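K.L.:
Have a peek at work-v4.cif (mmCIF, C-alpha atoms).
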```
data_upload
loop_
_atom_site.label_atom_id
_atom_site.label_comp_id
_atom_site.auth_asym_id
_atom_site.auth_seq_id
_atom_site.Cartn_x
_atom_site.Cartn_y
_atom_site.Cartn_z
CA MET A 1 -10.83 -45.32 -6.70
CA SER A 2 -11.23 -44.02 -3.14
CA VAL A 3 -10.78 -40.34 -4.07
CA SER A 4 -13.93 -38.53 -5.23
CA LYS A 5 -14.42 -38.12 -8.96
CA LYS A 6 -15.06 -34.42 -8.42
CA MET A 7 -11.71 -33.93 -6.69
CA MET A 8 -9.95 -35.86 -9.42
CA GLU A 9 -11.48 -33.52 -11.99
CA PHE A 10 -10.63 -30.46 -9.90
CA SER A 11 -7.05 -31.68 -9.61
CA ARG A 12 -6.85 -31.96 -13.38
CA ARG A 13 -8.23 -28.45 -13.90
CA ALA A 14 -5.92 -26.92 -11.28
CA SER A 15 -2.88 -28.75 -12.54
CA TRP A 16 -1.08 -26.07 -14.56
CA ILE A 17 0.53 -24.16 -11.70
CA ARG A 18 1.32 -27.43 -9.93
CA LYS A 19 2.86 -28.79 -13.12
CA MET A 20 5.04 -25.72 -13.44
CA PHE A 21 6.11 -26.06 -9.80
CA GLU A 22 7.04 -29.71 -10.34
CA GLU A 23 8.83 -28.94 -13.58
CA GLY A 24 10.72 -26.16 -11.84
CA ALA A 25 11.86 -28.53 -9.12
CA ARG A 26 13.08 -30.98 -11.76
CA LEU A 27 14.95 -28.35 -13.76
CA LYS A 28 16.55 -26.83 -10.66
CA LYS A 29 17.72 -30.26 -9.54
CA GLU A 30 19.15 -31.05 -12.98
CA PHE A 31 20.71 -27.69 -13.87
CA GLY A 32 20.98 -25.84 -10.55
CA ALA A 33 18.55 -23.22 -9.25
CA GLU A 34 20.85 -20.44 -10.47
CA ASN A 35 20.33 -21.63 -14.06
CA VAL A 36 16.53 -21.71 -14.02
CA CYS A 37 14.25 -18.66 -14.42
CA ASP A 38 11.10 -19.46 -12.48
CA PHE A 39 8.24 -17.01 -13.10
CA SER A 40 5.47 -19.49 -12.32
CA LEU A 41 4.42 -18.67 -8.77
CA GLY A 42 2.96 -15.50 -7.29
CA ASN A 43 4.85 -16.02 -4.04
CA PRO A 44 6.11 -12.62 -2.77
CA ASP A 45 9.86 -12.64 -2.22
CA LEU A 46 10.26 -9.15 -0.74
CA PRO A 47 10.68 -8.92 3.03
CA PRO A 48 7.81 -7.48 5.07
CA PRO A 49 8.23 -3.80 5.99
CA ALA A 50 10.51 -3.12 8.95
CA ARG A 51 7.49 -2.12 11.02
CA PHE A 52 6.27 -5.71 10.83
CA HIS A 53 9.20 -7.04 12.87
CA VAL A 54 8.74 -4.31 15.47
CA ALA A 55 5.02 -5.06 15.77
CA LEU A 56 5.61 -8.81 15.86
CA THR A 57 8.18 -8.48 18.64
CA GLU A 58 5.86 -6.31 20.70
CA VAL A 59 2.91 -8.65 20.24
CA VAL A 60 4.91 -11.78 21.07
CA ALA A 61 6.20 -10.12 24.25
CA ASP A 62 2.65 -9.65 25.55
CA GLU A 63 2.23 -12.26 28.30
CA ARG A 64 -1.19 -11.33 29.63
CA PRO A 65 -3.33 -14.35 30.60
CA GLY A 66 -5.66 -15.53 27.83
CA ILE A 67 -3.85 -13.57 25.13
CA HIS A 68 -3.76 -16.65 22.89
CA GLY A 69 -7.32 -17.78 23.62
CA TYR A 70 -10.48 -17.62 21.57
CA MET A 71 -11.95 -14.28 20.67
CA PRO A 72 -15.28 -13.40 18.99
CA ASN A 73 -15.50 -15.31 15.69
CA PRO A 74 -15.41 -12.09 13.59
CA GLY A 75 -12.12 -11.11 15.25
CA TYR A 76 -10.83 -8.82 17.99
CA PRO A 77 -12.99 -5.66 18.20
CA GLN A 78 -9.93 -3.37 18.27
CA VAL A 79 -8.48 -5.08 15.18
CA ARG A 80 -11.74 -4.70 13.28
CA GLU A 81 -11.78 -1.02 14.26
CA ALA A 82 -8.28 -0.51 12.85
CA VAL A 83 -9.09 -2.32 9.61
CA ALA A 84 -12.38 -0.45 9.23
CA ALA A 85 -10.64 2.91 9.66
CA GLN A 86 -8.20 2.06 6.86
CA LEU A 87 -11.00 0.75 4.64
CA ALA A 88 -13.03 3.93 5.18
CA LYS A 89 -10.10 5.88 3.70
CA GLU A 90 -9.56 3.51 0.78
CA GLN A 91 -13.20 2.92 -0.09
CA GLU A 92 -14.37 6.47 0.72
CA VAL A 93 -17.45 5.20 2.56
CA PRO A 94 -18.03 5.04 6.34
CA VAL A 95 -16.99 1.43 6.97
CA ALA A 96 -17.34 0.58 10.67
CA ALA A 97 -15.83 -2.15 12.81
CA GLY A 98 -19.11 -4.06 12.72
CA ASP A 99 -18.88 -4.26 8.91
CA VAL A 100 -15.57 -6.16 9.06
CA LEU A 101 -14.82 -9.81 9.73
CA MET A 102 -11.23 -11.04 10.11
CA THR A 103 -10.45 -14.19 8.11
CA CYS A 104 -7.79 -16.73 7.22
CA GLY A 105 -6.58 -14.78 4.21
CA ALA A 106 -8.58 -13.69 1.16
CA ALA A 107 -9.25 -17.34 0.30
CA GLY A 108 -10.88 -17.82 3.68
CA ALA A 109 -12.84 -14.60 3.20
CA LEU A 110 -14.15 -15.71 -0.20
CA ASN A 111 -15.29 -19.04 1.18
CA VAL A 112 -16.97 -17.35 4.14
CA VAL A 113 -18.87 -14.95 1.88
CA LEU A 114 -19.91 -17.64 -0.59
CA LYS A 115 -21.03 -19.96 2.21
CA ALA A 116 -23.14 -17.13 3.61
CA ILE A 117 -24.95 -16.22 0.38
CA LEU A 118 -25.24 -19.31 -1.82
CA ASP A 119 -28.05 -21.85 -2.03
CA PRO A 120 -27.53 -25.01 -4.12
CA GLY A 121 -27.64 -24.14 -7.82
CA ASP A 122 -27.03 -20.42 -7.38
CA GLU A 123 -24.71 -18.88 -9.97
CA VAL A 124 -21.65 -16.68 -9.52
CA LEU A 125 -20.17 -14.78 -12.45
CA ILE A 126 -16.37 -14.80 -12.70
CA MET A 127 -14.49 -12.56 -15.12
CA ALA A 128 -11.93 -14.17 -17.43
CA PRO A 129 -9.04 -14.33 -16.98
CA TYR A 130 -9.54 -15.38 -13.38
CA PHE A 131 -7.81 -16.97 -10.41
CA VAL A 132 -8.51 -20.65 -11.05
CA GLU A 133 -9.64 -21.46 -7.51
CA TYR A 134 -12.68 -19.16 -7.73
CA GLY A 135 -14.56 -21.99 -9.40
CA PHE A 136 -13.58 -24.45 -6.69
CA TYR A 137 -14.64 -22.09 -3.94
CA ILE A 138 -18.03 -21.56 -5.59
CA ASP A 139 -18.52 -25.31 -5.92
CA ASN A 140 -17.59 -25.75 -2.24
CA HIS A 141 -20.89 -24.13 -1.34
CA GLY A 142 -23.17 -25.65 -3.97
CA GLY A 143 -22.89 -22.85 -6.51
CA ARG A 144 -22.10 -22.83 -10.19
CA ALA A 145 -19.41 -20.64 -11.73
CA VAL A 146 -20.36 -18.81 -14.93
CA VAL A 147 -17.41 -17.43 -16.88
CA VAL A 148 -17.80 -14.01 -18.54
CA GLU A 149 -15.33 -13.12 -21.29
CA PRO A 150 -13.53 -9.77 -20.95
CA GLY A 151 -13.77 -6.70 -23.10
CA LYS A 152 -10.86 -4.89 -24.73
CA ASP A 153 -7.62 -4.84 -22.72
CA PHE A 154 -9.11 -7.35 -20.25
CA LEU A 155 -11.56 -4.77 -18.91
CA LEU A 156 -15.14 -5.55 -17.89
CA ASP A 157 -17.67 -6.01 -20.67
CA LEU A 158 -20.91 -4.78 -19.12
CA GLY A 159 -22.99 -6.12 -22.00
CA LYS A 160 -21.62 -9.63 -21.52
CA ILE A 161 -22.10 -9.39 -17.77
CA GLU A 162 -25.75 -8.41 -18.19
CA ALA A 163 -26.30 -11.17 -20.75
CA ALA A 164 -24.88 -13.75 -18.31
CA ILE A 165 -27.19 -12.76 -15.46
CA THR A 166 -30.11 -15.12 -14.79
CA GLU A 167 -32.64 -15.43 -11.99
CA ARG A 168 -30.13 -17.75 -10.25
CA THR A 169 -27.27 -15.21 -10.30
CA LYS A 170 -26.35 -14.45 -6.71
CA ALA A 171 -23.00 -12.71 -7.07
CA LEU A 172 -20.13 -11.75 -9.31
CA ILE A 173 -16.44 -11.69 -8.44
CA ILE A 174 -14.12 -8.97 -9.69
CA ASN A 175 -10.37 -8.85 -9.08
CA SER A 176 -8.61 -5.50 -9.51
CA PRO A 177 -5.65 -5.22 -9.82
CA ASN A 178 -6.11 -8.48 -11.61
CA ASN A 179 -4.29 -11.76 -11.40
CA PRO A 180 -3.05 -12.60 -14.06
CA THR A 181 -3.22 -9.40 -16.17
CA GLY A 182 -2.42 -6.61 -13.69
CA GLN A 183 -5.38 -4.66 -15.11
CA ILE A 184 -7.21 -2.11 -12.92
CA TYR A 185 -10.90 -1.46 -13.54
CA PRO A 186 -11.48 2.31 -13.83
CA ALA A 187 -13.93 4.21 -11.66
CA ALA A 188 -16.30 4.94 -14.55
CA MET A 189 -16.55 1.24 -15.37
CA LEU A 190 -17.28 0.35 -11.75
CA ALA A 191 -19.96 3.07 -11.71
CA GLU A 192 -21.58 1.45 -14.76
CA LEU A 193 -21.47 -1.91 -13.03
CA GLY A 194 -23.08 -0.42 -9.95
CA GLU A 195 -25.87 1.12 -12.03
CA LEU A 196 -26.45 -2.20 -13.79
CA LEU A 197 -26.84 -4.05 -10.49
CA ARG A 198 -29.12 -1.33 -9.09
CA ARG A 199 -31.31 -1.48 -12.23
CA ILE A 200 -31.67 -5.23 -11.86
CA LYS A 201 -32.63 -4.73 -8.23
CA ARG A 202 -35.26 -2.13 -9.20
CA GLU A 203 -36.72 -4.12 -12.09
CA LYS A 204 -36.52 -7.67 -10.72
CA GLY A 205 -36.09 -7.29 -6.97
CA GLN A 206 -32.87 -9.34 -7.26
CA THR A 207 -29.83 -8.45 -5.18
CA ILE A 208 -26.57 -9.45 -6.84
CA TYR A 209 -23.55 -9.14 -4.59
CA CYS A 210 -20.35 -7.73 -6.07
CA ILE A 211 -17.44 -9.49 -4.37
CA ALA A 212 -14.26 -7.49 -4.90
CA ASP A 213 -11.08 -9.51 -4.36
CA GLU A 214 -8.39 -6.88 -3.64
CA PRO A 215 -5.14 -8.40 -2.32
CA TYR A 216 -3.08 -6.36 -4.81
CA ARG A 217 -4.74 -2.98 -4.10
CA LYS A 218 -1.56 -1.34 -2.81
CA ILE A 219 0.75 -2.74 -5.54
CA VAL A 220 0.28 -0.26 -8.41
CA TYR A 221 2.51 1.55 -10.92
CA ASP A 222 2.76 4.75 -12.96
CA GLY A 223 0.52 6.72 -10.63
CA HIS A 224 -2.44 4.38 -11.05
CA VAL A 225 -5.08 4.38 -8.33
CA VAL A 226 -7.46 1.53 -7.54
CA PRO A 227 -10.94 3.08 -7.42
CA SER A 228 -13.39 2.39 -4.61
CA VAL A 229 -15.81 -0.38 -5.49
CA MET A 230 -17.93 0.51 -2.45
CA ARG A 231 -18.53 4.03 -3.76
CA ALA A 232 -19.79 2.55 -7.03
CA VAL A 233 -21.65 -0.56 -5.89
CA ASP A 234 -23.81 -0.61 -2.78
CA SER A 235 -24.01 -4.42 -2.83
CA ALA A 236 -20.21 -4.67 -2.58
CA VAL A 237 -18.33 -7.03 -0.32
CA VAL A 238 -14.56 -6.41 -0.28
CA VAL A 239 -12.25 -9.31 0.55
CA SER A 240 -8.51 -9.00 0.88
CA SER A 241 -5.42 -10.27 2.63
CA TYR A 242 -2.01 -9.11 3.80
CA SER A 243 -0.27 -11.79 1.73
CA LYS A 244 0.88 -9.46 -1.04
CA ASP A 245 1.15 -5.91 0.33
CA LEU A 246 2.89 -7.05 3.54
CA SER A 247 4.51 -10.22 2.08
CA LEU A 248 2.79 -12.46 4.64
CA PRO A 249 1.21 -15.22 2.52
CA GLY A 250 2.08 -17.97 4.97
CA GLU A 251 0.47 -16.21 7.91
CA ARG A 252 -3.06 -16.56 6.46
CA ILE A 253 -4.53 -13.27 7.61
CA GLY A 254 -7.14 -11.22 5.78
CA TYR A 255 -10.67 -9.84 6.06
CA ALA A 256 -14.08 -9.47 4.50
CA ALA A 257 -15.93 -6.14 4.70
CA VAL A 258 -19.51 -5.46 3.66
CA HIS A 259 -20.81 -2.15 2.33
CA PRO A 260 -22.29 -0.18 5.25
CA HIS A 261 -25.60 0.14 3.36
CA ILE A 262 -25.82 -3.37 1.93
CA ASP A 263 -29.21 -5.11 1.94
CA ASP A 264 -29.97 -7.27 5.00
CA LYS A 265 -26.61 -6.36 6.51
CA ALA A 266 -27.24 -7.82 9.94
CA ALA A 267 -28.37 -11.18 8.54
CA LEU A 268 -25.44 -11.27 6.09
CA LEU A 269 -22.87 -10.55 8.80
CA ASP A 270 -24.45 -13.13 11.11
CA ALA A 271 -24.25 -15.72 8.32
CA MET A 272 -20.63 -14.82 7.58
CA THR A 273 -19.71 -15.08 11.26
CA LEU A 274 -21.32 -18.52 11.48
CA ALA A 275 -19.57 -19.56 8.25
CA ASN A 276 -16.21 -18.50 9.67
CA ARG A 277 -16.83 -20.96 12.50
CA ILE A 278 -18.44 -23.92 10.79
CA LEU A 279 -16.03 -23.96 7.84
CA GLY A 280 -13.39 -24.83 10.40
CA PHE A 281 -11.55 -21.51 10.44
CA VAL A 282 -13.20 -20.63 13.80
CA ASN A 283 -11.38 -17.29 13.79
CA ALA A 284 -8.45 -15.63 12.07
CA PRO A 285 -5.03 -16.22 13.70
CA ALA A 286 -4.92 -14.28 16.97
CA LEU A 287 -1.27 -13.30 16.78
CA MET A 288 -1.46 -11.97 13.24
CA GLN A 289 -4.67 -10.07 13.93
CA ARG A 290 -2.88 -8.06 16.60
CA VAL A 291 0.14 -7.53 14.34
CA VAL A 292 -1.71 -6.26 11.26
CA ALA A 293 -3.81 -3.93 13.40
CA ARG A 294 -0.57 -1.99 13.95
CA LEU A 295 0.37 -2.01 10.26
CA GLN A 296 -2.65 -0.46 8.55
CA GLY A 297 -1.50 1.46 5.47
CA ALA A 298 1.97 -0.12 5.46
CA THR A 299 3.32 -1.92 2.38
CA VAL A 300 6.42 -3.66 1.14
CA ASP A 301 8.89 -1.72 -1.00
CA ILE A 302 6.78 -1.13 -4.12
CA ASP A 303 9.79 0.52 -5.78
CA ALA A 304 11.41 -2.92 -6.01
CA TYR A 305 8.42 -4.29 -7.93
CA THR A 306 8.43 -1.17 -10.10
CA ARG A 307 12.06 -1.77 -11.12
CA ARG A 308 11.36 -5.41 -11.90
CA ARG A 309 8.31 -4.51 -13.95
CA GLN A 310 10.30 -2.01 -16.02
CA LEU A 311 13.14 -4.47 -16.56
CA PHE A 312 10.82 -7.31 -17.56
CA CYS A 313 8.77 -5.15 -19.90
CA HIS A 314 11.99 -3.94 -21.58
CA ILE A 315 13.22 -7.51 -22.11
CA LEU A 316 9.89 -8.66 -23.54
CA GLN A 317 9.58 -5.61 -25.79
CA GLN A 318 13.11 -6.05 -27.10
CA ALA A 319 12.39 -9.70 -27.87
CA GLY A 320 9.18 -8.82 -29.73
CA TYR A 321 6.38 -10.07 -27.47
CA ALA A 322 2.90 -8.52 -27.54
CA PHE A 323 1.63 -7.51 -24.10
CA THR A 324 0.15 -4.66 -22.09
CA PRO A 325 2.33 -3.43 -19.20
CA PRO A 326 0.49 -4.22 -15.95
CA ALA A 327 -1.01 -1.32 -14.03
CA GLY A 328 -0.80 -3.26 -10.78
CA ALA A 329 0.00 -6.60 -9.09
CA PHE A 330 3.22 -8.42 -10.04
CA TYR A 331 2.28 -10.32 -13.19
CA ILE A 332 2.67 -9.81 -16.92
CA PHE A 333 0.27 -11.61 -19.27
CA PRO A 334 1.79 -11.65 -22.78
CA GLN A 335 0.09 -13.06 -25.84
CA SER A 336 1.44 -16.46 -26.82
CA PRO A 337 3.17 -16.42 -30.21
CA LEU A 338 1.63 -19.86 -30.76
CA ALA A 339 -2.11 -20.47 -30.70
CA ASP A 340 -1.38 -23.33 -28.32
CA ASP A 341 -0.19 -21.49 -25.21
CA ALA A 342 0.79 -24.75 -23.48
CA ALA A 343 3.02 -25.64 -26.42
CA PHE A 344 4.75 -22.27 -26.20
CA VAL A 345 5.25 -22.65 -22.46
CA GLY A 346 6.96 -25.92 -23.42
CA LEU A 347 9.36 -23.97 -25.65
CA LEU A 348 10.12 -21.67 -22.73
CA GLN A 349 10.85 -24.69 -20.55
CA LYS A 350 13.50 -25.77 -23.03
CA GLU A 351 15.13 -22.43 -22.25
CA ARG A 352 14.75 -23.19 -18.52
CA ILE A 353 12.10 -20.50 -18.19
CA LEU A 354 8.94 -21.35 -16.27
CA ALA A 355 5.63 -19.65 -17.06
CA VAL A 356 1.97 -20.65 -16.69
CA PRO A 357 -0.29 -21.12 -19.75
CA GLY A 358 -3.19 -18.70 -19.99
CA ARG A 359 -5.64 -21.59 -20.19
CA GLY A 360 -4.93 -22.12 -16.48
CA PHE A 361 -6.72 -18.78 -15.95
CA GLY A 362 -9.53 -19.41 -18.42
CA MET A 363 -7.77 -17.45 -21.19
CA PRO A 364 -6.01 -19.63 -23.77
CA GLY A 365 -3.55 -17.91 -26.11
CA TYR A 366 -1.64 -16.08 -23.35
CA PHE A 367 0.82 -16.96 -20.61
CA ARG A 368 1.51 -15.54 -17.17
CA LEU A 369 4.84 -14.39 -15.80
CA ALA A 370 5.24 -13.52 -12.11
CA PHE A 371 7.97 -10.96 -11.39
CA CYS A 372 8.12 -11.42 -7.61
CA VAL A 373 11.66 -12.73 -8.13
CA ASP A 374 15.13 -11.24 -7.90
CA GLU A 375 16.10 -8.85 -10.71
CA ALA A 376 19.03 -11.12 -11.60
CA VAL A 377 16.57 -13.88 -12.55
CA ILE A 378 14.73 -11.51 -14.89
CA GLU A 379 18.00 -10.29 -16.43
CA ARG A 380 19.31 -13.74 -17.26
CA SER A 381 16.03 -14.74 -18.93
CA ALA A 382 16.44 -12.27 -21.82
CA GLU A 383 18.22 -14.54 -24.29
CA GLY A 384 15.94 -17.47 -23.50
CA PHE A 385 12.81 -15.42 -24.22
CA ALA A 386 14.29 -14.31 -27.54
CA ARG A 387 15.21 -17.86 -28.54
CA ALA A 388 11.78 -19.24 -27.56
CA LEU A 389 10.02 -16.60 -29.65
CA ALA A 390 12.28 -17.36 -32.65
CA ALA A 391 11.52 -21.08 -32.27
CA ALA A 392 7.79 -20.35 -32.14
CA ARG A 393 7.94 -18.31 -35.35
CA GLN A 394 9.77 -21.12 -37.10
CA ALA A 395 7.16 -23.60 -35.91
CA GLU A 396 4.23 -21.61 -37.32
#
```
Render the structure in this file as structure tokens.

P.N.:
Amino acid sequence: MSVSKKMMEFSRRASWIRKMFEEGARLKKEFGAENVCDFSLGNPDLPPPARFHVALTEVVADERPGIHGYMPNPGYPQVREAVAAQLAKEQEVPVAAGDVLMTCGAAGALNVVLKAILDPGDEVLIMAPYFVEYGFYIDNHGGRAVVVEPGKDFLLDLGKIEAAITERTKALIINSPNNPTGQIYPAAMLAELGELLRRIKREKGQTIYCIADEPYRKIVYDGHVVPSVMRAVDSAVVVSSYSKDLSLPGERIGYAAVHPHIDDKAALLDAMTLANRILGFVNAPALMQRVVARLQGATVDIDAYTRRRQLFCHILQQAGYAFTPPAGAFYIFPQSPLADDAAFVGLLQKERILAVPGRGFGMPGYFRLAFCVDEAVIERSAEGFARALAAARQAE
């Protein structure tokens, strides 16, 4: 076998979403796309805000010499200034341009940060349920992922986090609003986390970075607000992208921002800048940097996601599923009526409904539904969800 054993194993572990994608392609070919309800992928379907097209047109029309050349590896200074100004409002701390590094999406930002901080064998805590590729990113840079089980309602369990910390713990990753649950960690809980990390620093001299993955920050419902992790945790590094709030996943544009008072800030930023280069990103896309600088604070039509969320929750409630309505993001994470979540997802497939088993996110016994699809798709899934649940109850 010419392919590495590690990559073969990674492929197996990351297979659930790919399997659903392949199954969706098969079902759509057999029955027609209009007869399949595909809730498997978190691929935003809403158009970018109108301002995006205006900004893009203006940027493309700029014909100055060198406009498409290299820039400093952290990004254009004026772009970093614009992003920092927006972050200072959101995080309620004085983030400056020098604290920001433009990246190839949040995935690029995570890899840049992990490359900068990890030595071989260092540990990174990830909170279940989690985005499956966190573990792969950690391994990319010689680290080891340590999974921490959640508390009630998929919130942080500070006791379990503290118990999982060892002398090799270098960082933890939190994701709020969360993929796949839509849960938002409250300010008081983040404050407790910050105090825990400060106590460990005082008692053991150990800095543990809190990497906050926030691509869904602006997609929230029912008046929910995403609290500032930087106000709570002075070892925070915020990573994000414009894939979800501007519907630009294919443009691969995001950023990493360090807390203005983080330990060894200059050395950390230097390491991140070098990582951006040597990982092969070199710099974030020049065109998109200049576009998003003009779109700070803009979002897609959140009202559309709100309507879909309400419709989907109504359908699932009427059918009898157990779930918590998401506070943010565009996912619902119901409890599987069968202990074997993969088996239940199989029952849904018989109804031409595509979902992802919770085990793909480190949380067996649940399944994820993405509602970044047209409302008509959600509406026509109602009878199929009811039939799948009835079949599961008969199978018990």

K.L.:
Neighbours of segment 83-94 of chain A within 8 Å (all atoms listed in the file; same-chain residues fewer than 2 positions away dropped), as an MDAnalysis selection string?

P.N.:
chainID A and resid 79:81 96:97 99:100 227:231 260 293 296:297

K.L.:
Starting from the displayed file, determine the output of the PyMOL selection byres ((chain A and resi 273) around 8) and express the residue list as a short mmCIF file (atom, residue, chain, number, x, y, z; two decimals) with C-alpha atoms, keeping the file's coordinate frame.

P.N.:
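Saved the output as expr_12.cif:
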```
data_model
loop_
_atom_site.label_atom_id
_atom_site.label_comp_id
_atom_site.auth_asym_id
_atom_site.auth_seq_id
_atom_site.Cartn_x
_atom_site.Cartn_y
_atom_site.Cartn_z
CA ASN A 73 -15.50 -15.31 15.69
CA PRO A 74 -15.41 -12.09 13.59
CA LEU A 101 -14.82 -9.81 9.73
CA VAL A 112 -16.97 -17.35 4.14
CA LEU A 269 -22.87 -10.55 8.80
CA ASP A 270 -24.45 -13.13 11.11
CA ALA A 271 -24.25 -15.72 8.32
CA MET A 272 -20.63 -14.82 7.58
CA LEU A 274 -21.32 -18.52 11.48
CA ALA A 275 -19.57 -19.56 8.25
CA ASN A 276 -16.21 -18.50 9.67
CA ARG A 277 -16.83 -20.96 12.50
#
```

K.L.:
Which residues match the PyMOL selection byres ((chain A and resi 56) around 10) in the file above, as an mmCIF file with C-alpha atoms, in the coordinates of the input?

P.N.:
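Everything below was put into out.cif:
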```
data_model
loop_
_atom_site.group_PDB
_atom_site.id
_atom_site.type_symbol
_atom_site.label_atom_id
_atom_site.label_comp_id
_atom_site.auth_asym_id
_atom_site.auth_seq_id
_atom_site.Cartn_x
_atom_site.Cartn_y
_atom_site.Cartn_z
ATOM 1 C CA ARG A 51 7.490 -2.120 11.020
ATOM 2 C CA PHE A 52 6.270 -5.710 10.830
ATOM 3 C CA HIS A 53 9.200 -7.040 12.870
ATOM 4 C CA VAL A 54 8.740 -4.310 15.470
ATOM 5 C CA ALA A 55 5.020 -5.060 15.770
ATOM 6 C CA THR A 57 8.180 -8.480 18.640
ATOM 7 C CA GLU A 58 5.860 -6.310 20.700
ATOM 8 C CA VAL A 59 2.910 -8.650 20.240
ATOM 9 C CA VAL A 60 4.910 -11.780 21.070
ATOM 10 C CA ALA A 61 6.200 -10.120 24.250
ATOM 11 C CA LEU A 287 -1.270 -13.300 16.780
ATOM 12 C CA MET A 288 -1.460 -11.970 13.240
ATOM 13 C CA ARG A 290 -2.880 -8.060 16.600
ATOM 14 C CA VAL A 291 0.140 -7.530 14.340
ATOM 15 C CA VAL A 292 -1.710 -6.260 11.260
ATOM 16 C CA ARG A 294 -0.570 -1.990 13.950
#
```

K.L.:
For Cys37 of chain A, work out the shell of residues within 9 Å, counting all atoms listed in the file and skipping chain neighbours fewer than 4 positions away, then give it as a list in words.

P.N.:
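The neighbour list is Gly24, Ala33, Glu351, Arg352, Ile353, Leu354, Val377, Ile378, Arg380 and Ser381 of chain A.
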
K.L.:
Mind writing the picked residues with C-alpha atoms as a compact mmCIF listing (two decimals), in the frame of the given file?

P.N.:
```
# COMPACT_ATOMS: atom_id res chain seq x y z
CA GLY A 24 10.72 -26.16 -11.84
CA ALA A 33 18.55 -23.22 -9.25
CA GLU A 351 15.13 -22.43 -22.25
CA ARG A 352 14.75 -23.19 -18.52
CA ILE A 353 12.10 -20.50 -18.19
CA LEU A 354 8.94 -21.35 -16.27
CA VAL A 377 16.57 -13.88 -12.55
CA ILE A 378 14.73 -11.51 -14.89
CA ARG A 380 19.31 -13.74 -17.26
CA SER A 381 16.03 -14.74 -18.93
```

K.L.:
Hey, what's within 7 Å of Ile332 of chain A if we count only C-alpha atoms and toss same-chain stuff fewer than 3 positions away? As a ChimeraX atom specification, please?

P.N.:
/A:180-182,325-326,368-370

K.L.:
Have a look at A:Ser176, A:Glu195, A:Tyr209, A:Ala82 and name the one nearest to Leu125 of chain A; count all atoms listed in the file.

P.N.:
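Under the stated criterion, the closest residue is A:Tyr209.
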
K.L.:
My list of candidates is A:Val233, A:Lys6, A:Met20, A:Gly69. Which is closest to Gly346 of chain A when distances are computed with all atoms listed in the file?

P.N.:
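Among A:Val233, A:Lys6, A:Met20, A:Gly69, it is A:Met20 that comes nearest to Gly346 of chain A.
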
K.L.:
Could you tell me which of A:Glu9, A:Asp38, A:Asp153, A:Glu203 comes closest to Ala327 of chain A if we count only C-alpha atoms?

P.N.:
A:Asp153

K.L.:
Evaluate the PyMOL selection byres ((chain A and resi 303-318) around 12) on the structure here and hand back the selected residues as a ChimeraX atom specification.

P.N.:
/A:39,44-47,182,218-223,244-245,299-302,319-336,369-389

K.L.:
Give me a file of those residues, with C-alpha atoms, as a short mmCIF file (atom, residue, chain, number, x, y, z; two decimals), in the coordinates of the input.

P.N.:
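Saved result, selection.cif, follows:
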```cif
data_model
loop_
_atom_site.label_atom_id
_atom_site.label_comp_id
_atom_site.auth_asym_id
_atom_site.auth_seq_id
_atom_site.Cartn_x
_atom_site.Cartn_y
_atom_site.Cartn_z
CA PHE A 39 8.24 -17.01 -13.10
CA PRO A 44 6.11 -12.62 -2.77
CA ASP A 45 9.86 -12.64 -2.22
CA LEU A 46 10.26 -9.15 -0.74
CA PRO A 47 10.68 -8.92 3.03
CA GLY A 182 -2.42 -6.61 -13.69
CA LYS A 218 -1.56 -1.34 -2.81
CA ILE A 219 0.75 -2.74 -5.54
CA VAL A 220 0.28 -0.26 -8.41
CA TYR A 221 2.51 1.55 -10.92
CA ASP A 222 2.76 4.75 -12.96
CA GLY A 223 0.52 6.72 -10.63
CA LYS A 244 0.88 -9.46 -1.04
CA ASP A 245 1.15 -5.91 0.33
CA THR A 299 3.32 -1.92 2.38
CA VAL A 300 6.42 -3.66 1.14
CA ASP A 301 8.89 -1.72 -1.00
CA ILE A 302 6.78 -1.13 -4.12
CA ALA A 319 12.39 -9.70 -27.87
CA GLY A 320 9.18 -8.82 -29.73
CA TYR A 321 6.38 -10.07 -27.47
CA ALA A 322 2.90 -8.52 -27.54
CA PHE A 323 1.63 -7.51 -24.10
CA THR A 324 0.15 -4.66 -22.09
CA PRO A 325 2.33 -3.43 -19.20
CA PRO A 326 0.49 -4.22 -15.95
CA ALA A 327 -1.01 -1.32 -14.03
CA GLY A 328 -0.80 -3.26 -10.78
CA ALA A 329 0.00 -6.60 -9.09
CA PHE A 330 3.22 -8.42 -10.04
CA TYR A 331 2.28 -10.32 -13.19
CA ILE A 332 2.67 -9.81 -16.92
CA PHE A 333 0.27 -11.61 -19.27
CA PRO A 334 1.79 -11.65 -22.78
CA GLN A 335 0.09 -13.06 -25.84
CA SER A 336 1.44 -16.46 -26.82
CA LEU A 369 4.84 -14.39 -15.80
CA ALA A 370 5.24 -13.52 -12.11
CA PHE A 371 7.97 -10.96 -11.39
CA CYS A 372 8.12 -11.42 -7.61
CA VAL A 373 11.66 -12.73 -8.13
CA ASP A 374 15.13 -11.24 -7.90
CA GLU A 375 16.10 -8.85 -10.71
CA ALA A 376 19.03 -11.12 -11.60
CA VAL A 377 16.57 -13.88 -12.55
CA ILE A 378 14.73 -11.51 -14.89
CA GLU A 379 18.00 -10.29 -16.43
CA ARG A 380 19.31 -13.74 -17.26
CA SER A 381 16.03 -14.74 -18.93
CA ALA A 382 16.44 -12.27 -21.82
CA GLU A 383 18.22 -14.54 -24.29
CA GLY A 384 15.94 -17.47 -23.50
CA PHE A 385 12.81 -15.42 -24.22
CA ALA A 386 14.29 -14.31 -27.54
CA ARG A 387 15.21 -17.86 -28.54
CA ALA A 388 11.78 -19.24 -27.56
CA LEU A 389 10.02 -16.60 -29.65
#
```
